[in-house]
Each structure stands twice: as structure tokens, then as C-alpha cells.
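Colleague: mmCIF, C-alpha atoms and all ligand atoms, saved as final-v3.cif, coming up:
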```cif
data_coords
#
loop_
_atom_site.label_atom_id
_atom_site.label_comp_id
_atom_site.auth_asym_id
_atom_site.auth_seq_id
_atom_site.Cartn_x
_atom_site.Cartn_y
_atom_site.Cartn_z
CA MET A 230 0.00 0.00 0.00
CA LEU A 231 1.26 3.46 -0.86
CA VAL A 232 1.18 5.89 2.04
CA PHE A 233 1.63 9.63 1.49
CA THR A 234 1.48 12.56 3.87
CA THR A 235 1.32 15.34 1.25
CA HIS A 236 -0.97 15.88 -1.72
CA THR A 237 2.00 16.89 -3.91
CA GLU A 238 3.47 13.40 -3.53
CA ILE A 239 0.15 11.94 -4.67
CA HIS A 240 0.14 14.29 -7.67
CA SER A 241 3.63 13.27 -8.74
CA PHE A 242 2.78 9.60 -8.29
CA LEU A 243 -0.40 9.85 -10.38
CA SER A 244 0.85 12.42 -12.91
CA ASP A 245 2.01 9.97 -15.60
CA LYS A 246 -0.83 7.51 -15.03
CA LYS A 247 -3.95 9.31 -16.33
CA LYS A 248 -6.28 6.92 -14.61
CA SER A 249 -9.59 7.24 -12.85
CA VAL A 250 -9.30 8.12 -9.18
CA GLY A 251 -11.90 7.62 -6.45
CA LEU A 252 -11.58 9.47 -3.14
CA VAL A 253 -12.91 8.14 0.17
CA PRO A 254 -12.52 10.82 2.86
CA THR A 255 -12.52 9.45 6.43
CA MET A 256 -11.42 10.32 9.93
CA GLY A 257 -9.95 6.83 10.47
CA ALA A 258 -10.78 4.19 13.10
CA LEU A 259 -12.11 2.35 10.08
CA HIS A 260 -14.99 -0.11 10.26
CA LYS A 261 -17.03 -2.07 7.72
CA GLY A 262 -19.05 1.04 6.86
CA HIS A 263 -15.89 2.79 5.65
CA ILE A 264 -14.68 -0.36 3.93
CA SER A 265 -17.96 -0.60 2.00
CA LEU A 266 -17.17 2.82 0.49
CA VAL A 267 -13.65 1.66 -0.40
CA GLU A 268 -15.11 -1.50 -1.97
CA ILE A 269 -17.44 0.51 -4.23
CA ALA A 270 -14.65 2.96 -5.08
CA ALA A 271 -12.31 0.07 -5.95
CA GLN A 272 -14.90 -1.36 -8.34
CA GLU A 273 -15.35 1.96 -10.13
CA ASN A 274 -11.80 3.38 -10.28
CA GLU A 275 -8.28 2.35 -11.13
CA TRP A 276 -6.88 4.09 -8.04
CA VAL A 277 -8.57 4.73 -4.70
CA ILE A 278 -7.32 7.43 -2.35
CA VAL A 279 -8.44 6.91 1.25
CA SER A 280 -7.77 9.97 3.35
CA ILE A 281 -7.48 9.67 7.10
CA PHE A 282 -7.60 13.04 8.78
CA ILE A 283 -9.36 13.96 12.02
CA ASN A 284 -10.44 17.41 10.93
CA PRO A 285 -10.24 19.75 13.95
CA THR A 286 -12.40 22.48 12.39
CA GLN A 287 -15.53 20.33 12.27
CA PHE A 288 -15.52 19.59 16.01
CA ASN A 289 -17.53 22.08 18.00
CA ASN A 290 -16.65 20.24 21.22
CA PRO A 291 -12.91 20.02 22.15
CA GLU A 292 -13.52 16.97 24.36
CA ASP A 293 -15.12 15.14 21.44
CA LEU A 294 -12.06 15.94 19.30
CA ALA A 295 -9.64 14.81 22.03
CA ASN A 296 -11.52 11.52 22.54
CA TYR A 297 -12.05 10.72 18.85
CA PRO A 298 -10.75 7.14 18.29
CA LYS A 299 -7.49 6.65 16.38
CA ASN A 300 -5.90 3.41 15.17
CA LEU A 301 -3.70 3.80 12.10
CA VAL A 302 -2.07 0.36 12.46
CA GLN A 303 -5.47 -1.35 12.47
CA ASP A 304 -6.69 0.92 9.65
CA LYS A 305 -3.83 -0.20 7.40
CA ILE A 306 -4.71 -3.84 8.09
CA ALA A 307 -8.38 -3.15 7.29
CA LEU A 308 -7.36 -1.62 3.94
CA SER A 309 -4.77 -4.27 3.02
CA ALA A 310 -7.22 -6.22 0.83
CA TYR A 311 -7.15 -3.23 -1.58
CA ASP A 312 -3.32 -2.84 -1.50
CA GLU A 313 -2.85 -2.95 -5.25
CA LYS A 314 -4.89 0.14 -6.06
CA LEU A 315 -4.91 1.94 -2.76
CA ILE A 316 -3.25 5.22 -1.90
CA LEU A 317 -3.48 6.09 1.77
CA TYR A 318 -3.27 9.82 2.40
CA VAL A 319 -2.53 10.72 6.02
CA PRO A 320 -1.83 14.45 5.97
CA GLU A 321 -0.66 16.76 8.71
CA PRO A 322 -3.02 19.76 9.15
CA GLU A 323 -0.58 22.03 7.23
CA ASP A 324 -1.10 20.07 4.01
CA LEU A 325 -4.84 20.80 3.99
CA TYR A 326 -4.71 24.12 5.85
CA PRO A 327 -1.50 25.81 4.60
CA GLU A 328 -2.46 29.22 6.00
CA LYS A 329 -4.60 28.88 9.09
CA LEU A 330 -6.37 26.00 10.79
CA GLU A 331 -9.82 27.54 10.54
CA SER A 332 -13.12 27.11 8.70
CA LYS A 333 -14.37 29.19 5.83
CA GLU A 334 -18.01 30.23 5.85
CA TYR A 335 -20.45 28.55 3.49
CA HIS A 336 -24.12 28.81 2.61
CA PHE A 337 -26.01 25.91 1.13
CA ASN A 338 -29.48 27.31 0.68
CA GLY A 339 -30.62 26.26 4.16
CA LEU A 340 -29.44 22.63 3.94
CA GLU A 341 -26.94 23.42 6.68
CA LYS A 342 -29.38 25.16 9.04
CA HIS A 343 -31.13 22.38 10.97
CA MET A 344 -30.33 19.11 12.73
CA GLU A 345 -26.52 18.66 12.83
CA GLY A 346 -26.13 22.25 11.62
CA ALA A 347 -28.13 23.58 14.57
CA PHE A 348 -26.94 21.14 17.22
CA ARG A 349 -23.24 21.30 16.26
CA PRO A 350 -22.63 24.98 15.44
CA GLY A 351 -19.85 25.46 12.89
CA HIS A 352 -19.73 21.73 12.10
CA PHE A 353 -20.67 21.98 8.42
CA ASN A 354 -18.38 24.95 7.79
CA GLY A 355 -15.56 22.71 9.05
CA VAL A 356 -16.69 19.76 6.94
CA ALA A 357 -17.05 21.90 3.79
CA THR A 358 -13.65 23.54 4.36
CA VAL A 359 -11.82 20.22 4.59
CA VAL A 360 -13.78 18.61 1.73
CA GLU A 361 -13.10 21.62 -0.50
CA ALA A 362 -9.38 21.32 0.32
CA LEU A 363 -9.43 17.56 -0.38
CA PHE A 364 -11.30 18.01 -3.66
CA LYS A 365 -9.08 20.85 -4.92
CA LYS A 366 -5.81 19.24 -3.85
CA LEU A 367 -6.54 15.67 -4.95
CA ILE A 368 -8.92 16.29 -7.90
CA PRO A 369 -10.56 12.85 -7.92
CA ASN A 370 -12.99 11.74 -10.62
CA ARG A 371 -15.39 10.39 -8.01
CA ALA A 372 -15.83 10.83 -4.26
CA TYR A 373 -17.66 8.43 -1.96
CA PHE A 374 -19.80 9.38 1.04
CA GLY A 375 -22.15 7.43 3.31
CA GLU A 376 -25.88 8.03 3.71
CA LYS A 377 -25.33 7.61 7.45
CA ASP A 378 -24.32 11.29 7.41
CA TYR A 379 -27.18 12.17 5.10
CA GLN A 380 -27.21 15.91 5.77
CA GLN A 381 -23.44 16.03 5.23
CA LEU A 382 -23.90 14.15 1.95
CA GLN A 383 -26.45 16.70 0.66
CA ILE A 384 -24.17 19.56 1.70
CA ILE A 385 -21.21 17.99 -0.08
CA LYS A 386 -23.32 17.61 -3.22
CA ALA A 387 -24.21 21.32 -2.98
CA LEU A 388 -20.55 22.23 -2.32
CA ASN A 389 -19.48 20.18 -5.33
CA LYS A 390 -21.92 22.11 -7.52
CA GLN A 391 -20.65 25.43 -6.15
CA LEU A 392 -17.01 24.45 -6.79
CA ASP A 393 -17.83 23.17 -10.28
CA LEU A 394 -14.98 20.64 -10.21
CA LYS A 395 -17.10 18.00 -12.03
CA ILE A 396 -16.46 15.36 -9.38
CA LYS A 397 -19.09 12.63 -9.28
CA ILE A 398 -20.44 12.23 -5.75
CA VAL A 399 -21.37 8.62 -5.05
CA GLU A 400 -23.90 7.93 -2.26
CA CYS A 401 -23.31 4.72 -0.33
CA PRO A 402 -25.85 2.90 1.88
CA ILE A 403 -25.61 2.65 5.68
CA ILE A 404 -23.85 -0.45 6.97
CA ARG A 405 -25.17 -1.74 10.29
CA GLU A 406 -24.12 -4.16 13.01
CA LYS A 407 -26.13 -7.39 13.22
CA ASP A 408 -28.34 -5.82 15.90
CA GLY A 409 -29.07 -2.82 13.65
CA LEU A 410 -26.79 -0.23 15.24
CA ALA A 411 -25.32 1.94 12.47
CA MET A 412 -21.57 1.33 12.32
CA SER A 413 -19.58 4.29 13.56
CA SER A 414 -16.03 4.91 14.76
CA ARG A 415 -17.65 6.32 17.89
CA ASN A 416 -19.22 2.93 18.74
CA THR A 417 -15.81 1.86 20.11
CA LEU A 418 -16.23 4.53 22.81
CA LEU A 419 -19.40 2.89 24.20
CA ASN A 420 -19.13 0.94 27.45
CA PRO A 421 -20.86 -2.50 27.54
CA GLU A 422 -24.10 -1.12 29.04
CA GLN A 423 -24.29 1.70 26.49
CA ARG A 424 -23.51 -0.70 23.63
CA GLU A 425 -26.29 -3.00 24.81
CA ALA A 426 -28.81 -0.13 24.89
CA ALA A 427 -27.77 1.52 21.58
CA PRO A 428 -29.62 -0.85 19.15
CA VAL A 429 -32.89 0.62 20.49
CA ILE A 430 -32.23 3.58 18.21
CA PHE A 431 -32.61 1.64 14.95
CA LYS A 432 -35.21 -0.74 16.42
CA SER A 433 -37.44 2.25 17.20
CA LEU A 434 -36.83 3.77 13.76
CA LYS A 435 -37.90 0.49 12.15
CA GLU A 436 -41.03 0.42 14.29
CA ILE A 437 -41.87 3.97 13.17
CA LYS A 438 -41.31 3.00 9.55
CA PHE A 439 -43.73 0.12 10.05
CA HIS A 440 -46.43 2.52 11.32
CA GLN A 441 -45.61 5.38 8.99
CA THR A 442 -48.96 5.48 7.24
CA GLN A 443 -50.93 5.52 10.50
CA TRP A 444 -48.81 7.81 12.66
CA SER A 445 -48.45 11.57 12.49
CA VAL A 446 -44.97 13.06 12.92
CA SER A 447 -45.88 14.04 16.51
CA GLU A 448 -46.79 10.42 17.23
CA MET A 449 -43.54 9.22 15.67
CA GLU A 450 -41.61 11.71 17.78
CA ALA A 451 -43.43 10.73 20.98
CA PHE A 452 -42.79 7.03 20.30
CA PHE A 453 -39.08 7.59 19.67
CA GLN A 454 -38.68 9.83 22.70
CA ALA A 455 -40.43 7.28 24.98
CA SER A 456 -38.27 4.41 23.60
CA ILE A 457 -35.09 6.35 24.33
CA GLU A 458 -36.30 7.52 27.75
CA ARG A 459 -36.89 3.89 28.80
CA GLU A 460 -33.14 3.28 28.40
CA SER A 461 -31.24 4.80 31.29
CA GLN A 462 -28.01 4.73 29.22
CA LEU A 463 -29.45 6.91 26.44
CA LYS A 464 -30.56 10.52 26.12
CA LEU A 465 -32.35 12.02 23.14
CA ASP A 466 -30.59 14.96 21.48
CA TYR A 467 -33.11 15.39 18.64
CA PHE A 468 -35.75 13.69 16.52
CA TYR A 469 -36.82 15.31 13.26
CA VAL A 470 -38.63 14.40 10.10
CA ALA A 471 -37.48 16.45 7.13
CA LYS A 472 -38.15 16.49 3.41
CA THR A 473 -35.11 14.98 1.67
CA SER A 474 -35.01 17.83 -0.85
CA ASP A 475 -34.63 20.78 1.55
CA LEU A 476 -33.82 19.13 4.93
CA ILE A 477 -36.19 21.47 6.75
CA PRO A 478 -37.89 19.71 9.69
CA THR A 479 -41.66 19.45 9.38
CA TYR A 480 -44.75 18.08 11.13
CA ASN A 481 -46.80 18.07 7.92
CA LEU A 482 -46.22 15.24 5.52
CA GLU A 483 -47.43 15.95 2.02
CA ALA A 484 -48.44 13.10 -0.24
CA GLY A 485 -45.96 12.23 -2.96
CA MET A 486 -42.94 13.77 -1.18
CA THR A 487 -39.93 11.89 0.19
CA TYR A 488 -39.05 12.33 3.85
CA ARG A 489 -36.41 11.05 6.23
CA ILE A 490 -36.22 10.69 9.97
CA PHE A 491 -33.06 12.12 11.52
CA VAL A 492 -32.08 11.33 15.10
CA ALA A 493 -29.19 12.06 17.43
CA VAL A 494 -28.88 10.25 20.75
CA PHE A 495 -26.30 10.49 23.52
CA ALA A 496 -24.93 7.38 25.20
CA GLY A 497 -22.97 9.02 27.99
CA LYS A 498 -20.72 11.52 26.20
CA THR A 499 -20.82 9.61 22.91
CA ARG A 500 -23.20 11.02 20.36
CA LEU A 501 -24.79 8.62 17.87
CA ILE A 502 -26.74 9.64 14.78
CA ASP A 503 -29.00 7.61 12.51
CA THR A 504 -31.46 8.16 9.69
CA VAL A 505 -34.07 6.18 7.76
CA GLU A 506 -36.11 7.10 4.73
CA LEU A 507 -39.89 7.11 4.99
CA GLU A 508 -41.55 5.54 2.02
CA LYS A 509 -43.27 7.79 -0.44
CA LYS A 510 -47.03 7.27 -0.07
CA ASN A 511 -49.97 8.71 -1.86
CA THR A 512 -51.67 9.61 1.40
CA PHE A 513 -50.45 10.40 4.89
CA THR A 514 -52.54 10.68 8.04
CA PRO A 515 -52.54 14.40 8.83
CA CYS A 516 -51.16 15.35 12.25
P1 LIG B 601 -16.12 9.39 9.16
O1 LIG B 601 -14.81 8.69 9.27
O2 LIG B 601 -17.06 9.12 10.28
O3 LIG B 601 -15.96 10.86 8.85
O4 LIG B 601 -16.84 8.77 7.89
C1 LIG B 601 -16.22 8.75 6.62
C2 LIG B 601 -17.25 8.35 5.59
O5 LIG B 601 -17.75 7.06 5.90
C3 LIG B 601 -18.46 9.31 5.56
O6 LIG B 601 -18.84 9.50 4.20
C4 LIG B 601 -19.51 8.53 6.31
O7 LIG B 601 -20.84 8.86 5.94
C5 LIG B 601 -19.17 7.10 5.91
N1 LIG B 601 -19.70 6.16 6.91
C6 LIG B 601 -19.51 6.20 8.24
N2 LIG B 601 -20.20 5.21 8.84
C7 LIG B 601 -20.86 4.54 7.85
C8 LIG B 601 -21.74 3.42 7.83
N3 LIG B 601 -22.11 2.79 8.94
N4 LIG B 601 -22.21 3.00 6.64
C9 LIG B 601 -21.84 3.65 5.49
N5 LIG B 601 -21.01 4.70 5.45
C10 LIG B 601 -20.53 5.16 6.61
#
```
Kindly transcribe the structure held in the file into C-alpha cells.

Modeller:
Amino acid sequence: MLVFTTHTEIHSFLSDKKKSVGLVPTMGALHKGHISLVEIAAQENEWVIVSIFINPTQFNNPEDLANYPKNLVQDKIALSAYDEKLILYVPEPEDLYPEKLESKEYHFNGLEKHMEGAFRPGHFNGVATVVEALFKKLIPNRAYFGEKDYQQLQIIKALNKQLDLKIKIVECPIIREKDGLAMSSRNTLLNPEQREAAPVIFKSLKEIKFHQTQWSVSEMEAFFQASIERESQLKLDYFYVAKTSDLIPTYNLEAGMTYRIFVAVFAGKTRLIDTVELEKKNTFTPC
């Protein structure tokens, strides 16, 4: 596996190759969710760049940044199956932020306003800043992002349009543990009791999906809140239903539109997010 710490080394390596390049941006502590992105990228490109960079500017909470899991040795083992076409990019902050380690300010037509945008102030400015730097410095043909971070994915699609770099953004499905918990690097921070309680998040989302034609959004919210409150290890941060096109939370579901549920739940200090799509129906029970 080729490992580089600067984007210029990657440029010189790829310069005479003229091949398709897929980029998988990550913050490391890789799990099967990340690997699924690498797998898709490896099928679609001759070279795959996996970046591992814990981006300080997207953390609104210094403790969260300090505790973020790191395991480069294990990450290299997890990627070894893709050795032949894999370029691992592990930059120092100066390579992505040559001037100052700070976010730029972006506007994405309101996509950035609610949910993670509201609950983690500055988060999406940090994400967009680092993704813009990665896109401009690495210039991939395609870039791969998970639907687990659905709001981030929509923002990156908007950013990509604004930058006009003609990168194809590929959306990849959420990979879950056997018990339904969405895979996340943060899951390694859960203690055994928190880990045992955490599957309630997806279990409750599935239950809501099952009742989606009978329940109003308020009923969905009340059900989710009660399910989380029953678990002493968990605390609800938010529950929203938003139209997938504008990501504005709503209590009124219009027929023919596509909606998603977005949740964030604390297990101790570890914050877990999840999302499921509600099926498009011709009629919804009004709230
Ligand atoms: P992260 O390292 O958490 O910044 O994630 C890097 C990329 O992996 C992002 O595009 C995430 O959406 C994606 N990702 C994280 N967890 C999962 C998962 N469980 N399933 C699919 N993609 C994921």
C-alpha cells in the first residue's frame, strides 16, 4: 500500500498515469461502513485514495475531538485487501490548511441550518472547508460518502456544484451491526451497558417506519422519545422528520414527497446519529 502525507506526492505519483481516481474521505478508526465505500470505489476506479484526517475544524466540542478514536495500524490492516490500487493519504493539518487551521463560511441554501447544523454549530463549515481542500488538492474523478451522514452528503453535493470541479459524488448505503446499530467509529467509545442499549435507536426507527402510514410526525416523535427515555443509558438529542429535498424539519407530511427521519442520541458523552427514509405514499394521516 502506498502511504503519502502530502498531496504533492500523490500528484507526482499519479501524474504519468492518467487513470480514474476515487476518493474516500474518512477520519480513520475504520470499520465495515468505511470499507464498503472503499469497496465501491475500488470497483469503479483504477486508483482509490483513502484519506485519514481527524479534521479539527468540524468539532464544536474540544472533548469530542480529544476523545475521537485513532488506530492507524489497524486501519492499514483493514485496507490491506485493496493494497494494489490503494493510496493512503494521512496528511498533517498544514497540508490541507496551509495558511490557518480555521473554517471558511459557506451557505447551502438552508441545507446546513437544521439538525446537525443547529446542534453542532460550525460543524458543516468545518466539513465543507476540509472537503473543499481535499477536492481541490486531490482532484478525484469520483468521491464516496455514506448516507449515514445524510445531511453532510447533501451539503457535499451542494458544495461540489458550487465548486464546479465536475467530481461525481457517489452515495453509499448505511452499513449496520447485526443488531441494527449503524456502524460508527464512535461505537468503540461505548461501554458494555451503552452498547447494549444503543440498538434501540434503529429498532425504534424500524417500528416507526412500520407505522408510517398511520402515525403523524408528533406520534412518531413521541414514540421515539419514549423508547429512548426507557433506556437509562441513552438521552435524546433530537428527533426530526425532514423532506429529503430541503432538509427542513416538518410536522406536515405531504403526499408524494420523500421524507427522512433524523435522530441524534447520547450514550454518555458519545453522540450517535442515525437516519431512515420514509416511504413515499400517496396519502399520509394528517397530524
Ligand atoms: P467518518 O470517518 O465518520 O468521517 O466517515 C467517513 C465516511 O464514511 C463518511 O462518508 C460517512 O458517511 C461514511 N460512513 C460512516 N459510517 C458509515 C456506515 N455505517 N455506513 C456507510 N457509510 C458510513

Colleague: Which residues form the shell of 8 Å around ligand LIG 601 (chain B) when you count all atoms listed in the file, given as a ChimeraX atom specification?

Modeller: /A:253-263,265-266,281,283,373-379,381-382,401-405,411-414

Colleague: Go ahead and write the residues just picked, C-alpha atoms, as a CSV table (one decimal), in the coordinates of the input.

Modeller:
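Output below, filename part_20.csv:
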```
chain,number,residue,atom,x,y,z
A,253,VAL,CA,-12.9,8.1,0.2
A,254,PRO,CA,-12.5,10.8,2.9
A,255,THR,CA,-12.5,9.4,6.4
A,256,MET,CA,-11.4,10.3,9.9
A,257,GLY,CA,-10.0,6.8,10.5
A,258,ALA,CA,-10.8,4.2,13.1
A,259,LEU,CA,-12.1,2.4,10.1
A,260,HIS,CA,-15.0,-0.1,10.3
A,261,LYS,CA,-17.0,-2.1,7.7
A,262,GLY,CA,-19.0,1.0,6.9
A,263,HIS,CA,-15.9,2.8,5.6
A,265,SER,CA,-18.0,-0.6,2.0
A,266,LEU,CA,-17.2,2.8,0.5
A,281,ILE,CA,-7.5,9.7,7.1
A,283,ILE,CA,-9.4,14.0,12.0
A,373,TYR,CA,-17.7,8.4,-2.0
A,374,PHE,CA,-19.8,9.4,1.0
A,375,GLY,CA,-22.2,7.4,3.3
A,376,GLU,CA,-25.9,8.0,3.7
A,377,LYS,CA,-25.3,7.6,7.4
A,378,ASP,CA,-24.3,11.3,7.4
A,379,TYR,CA,-27.2,12.2,5.1
A,381,GLN,CA,-23.4,16.0,5.2
A,382,LEU,CA,-23.9,14.2,2.0
A,401,CYS,CA,-23.3,4.7,-0.3
A,402,PRO,CA,-25.8,2.9,1.9
A,403,ILE,CA,-25.6,2.6,5.7
A,404,ILE,CA,-23.8,-0.4,7.0
A,405,ARG,CA,-25.2,-1.7,10.3
A,411,ALA,CA,-25.3,1.9,12.5
A,412,MET,CA,-21.6,1.3,12.3
A,413,SER,CA,-19.6,4.3,13.6
A,414,SER,CA,-16.0,4.9,14.8
```

Colleague: Under the rule that only C-alpha atoms are counted, which of A:Pro327, A:Pro285, A:Pro428, A:Gly339 is the nearest residue to Ser474 of chain A?

Modeller: A:Gly339

Colleague: To one decimal place, how far is atom CA of Lys299 of chain A from atom CA of Phe491 of chain A in Å?

Modeller: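 Separation of atom CA of Lys299 of chain A and atom CA of Phe491 of chain A: 26.6 Å.
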
Colleague: With 12 Å as the cut-off and all atoms listed in the file counted, what is the closest atom pair between each nearby residue of segment 335-451 of chain A and segment 237-251 of chain A? Distances in Å to one decimal, ordered by chain and number, as a Markdown table.

Modeller:
```
| residue | atom | partner | partner_atom | distance |
| --- | --- | --- | --- | --- |
| A:Leu363 | CA | A:Gly251 | CA | 11.9 |
| A:Phe364 | CA | A:Gly251 | CA | 10.8 |
| A:Lys365 | CA | A:His240 | CA | 11.6 |
| A:Lys366 | CA | A:Thr237 | CA | 8.2 |
| A:Leu367 | CA | A:His240 | CA | 7.3 |
| A:Ile368 | CA | A:Val250 | CA | 8.3 |
| A:Pro369 | CA | A:Val250 | CA | 5.1 |
| A:Asn370 | CA | A:Val250 | CA | 5.4 |
| A:Arg371 | CA | A:Gly251 | CA | 4.7 |
| A:Ala372 | CA | A:Gly251 | CA | 5.5 |
| A:Tyr373 | CA | A:Gly251 | CA | 7.3 |
| A:Phe374 | CA | A:Gly251 | CA | 11.0 |
| A:Ile396 | CA | A:Gly251 | CA | 9.4 |
| A:Lys397 | CA | A:Gly251 | CA | 9.2 |
| A:Ile398 | CA | A:Gly251 | CA | 9.7 |
| A:Val399 | CA | A:Gly251 | CA | 9.6 |
```

Colleague: Need the shell around Tyr488 of chain A: protein/DNA/RNA residues with any atom at most 6 Å away, counting only C-alpha atoms. Skip same-chain ones fewer than 5 positions apart. Format as a list of chain:residue names?

Modeller: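 Once the adjacent positions are removed, what remains is A:Ala471, A:Lys472, A:Thr473, A:Leu507.
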
Colleague: Using only C-alpha atoms, find the one residue out of A:Ala493, A:Ala362, A:Leu308, A:Val505 that sits nearest to Phe348 of chain A.

Modeller: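 That would be A:Ala493, the residue with the smallest distance to Phe348 of chain A.
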
Colleague: Provide an axis-aligned box for all listed atoms of segment 429-435 of chain A, padding each side by 6 Å; report its centre and its edge lengths in Å to one decimal, as JSON.

Modeller:
```
{"center_x": -35.1, "center_y": 1.5, "center_z": 16.3, "size_x": 17.7, "size_y": 16.5, "size_z": 20.3}
```

Colleague: Would you mind reading off the distance between atom CA of Ser332 of chain A and atom CA of Ile477 of chain A, one decimal, in Å?

Modeller: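 That distance, rounded to one decimal, is 23.8 Å.
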
Colleague: Write out as JSON, numbers by chain each polymer residue whose atoms come within 9 Å of Phe468 of chain A, counting all atoms listed in the file; drop sequence neighbours fewer than 3 positions from it.

Modeller: {"A": [344, 450, 453, 454, 465, 490, 491, 492, 493, 494]}

Colleague: Could you please determine the separation between atom CA of Phe288 of chain A and atom CA of Tyr318 of chain A in Å, to one decimal place?

Modeller: 20.8 Å

Colleague: Would you mind telling me which residue in A:Lys432, A:Gly351, A:Val319, A:Lys305 lies nearest to Asn290 of chain A when using all atoms listed in the file?

Modeller: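 For Asn290 of chain A, the nearest of the candidates is A:Gly351.
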
Colleague: Give me, as JSON, numbers by chain, all polymer residues having an atom no more than 8 Å from Gln287 of chain A, counting only C-alpha atoms and skipping those fewer than 3 positions away in the same chain.

Modeller: {"A": [284, 351, 352, 353, 354, 355, 356]}
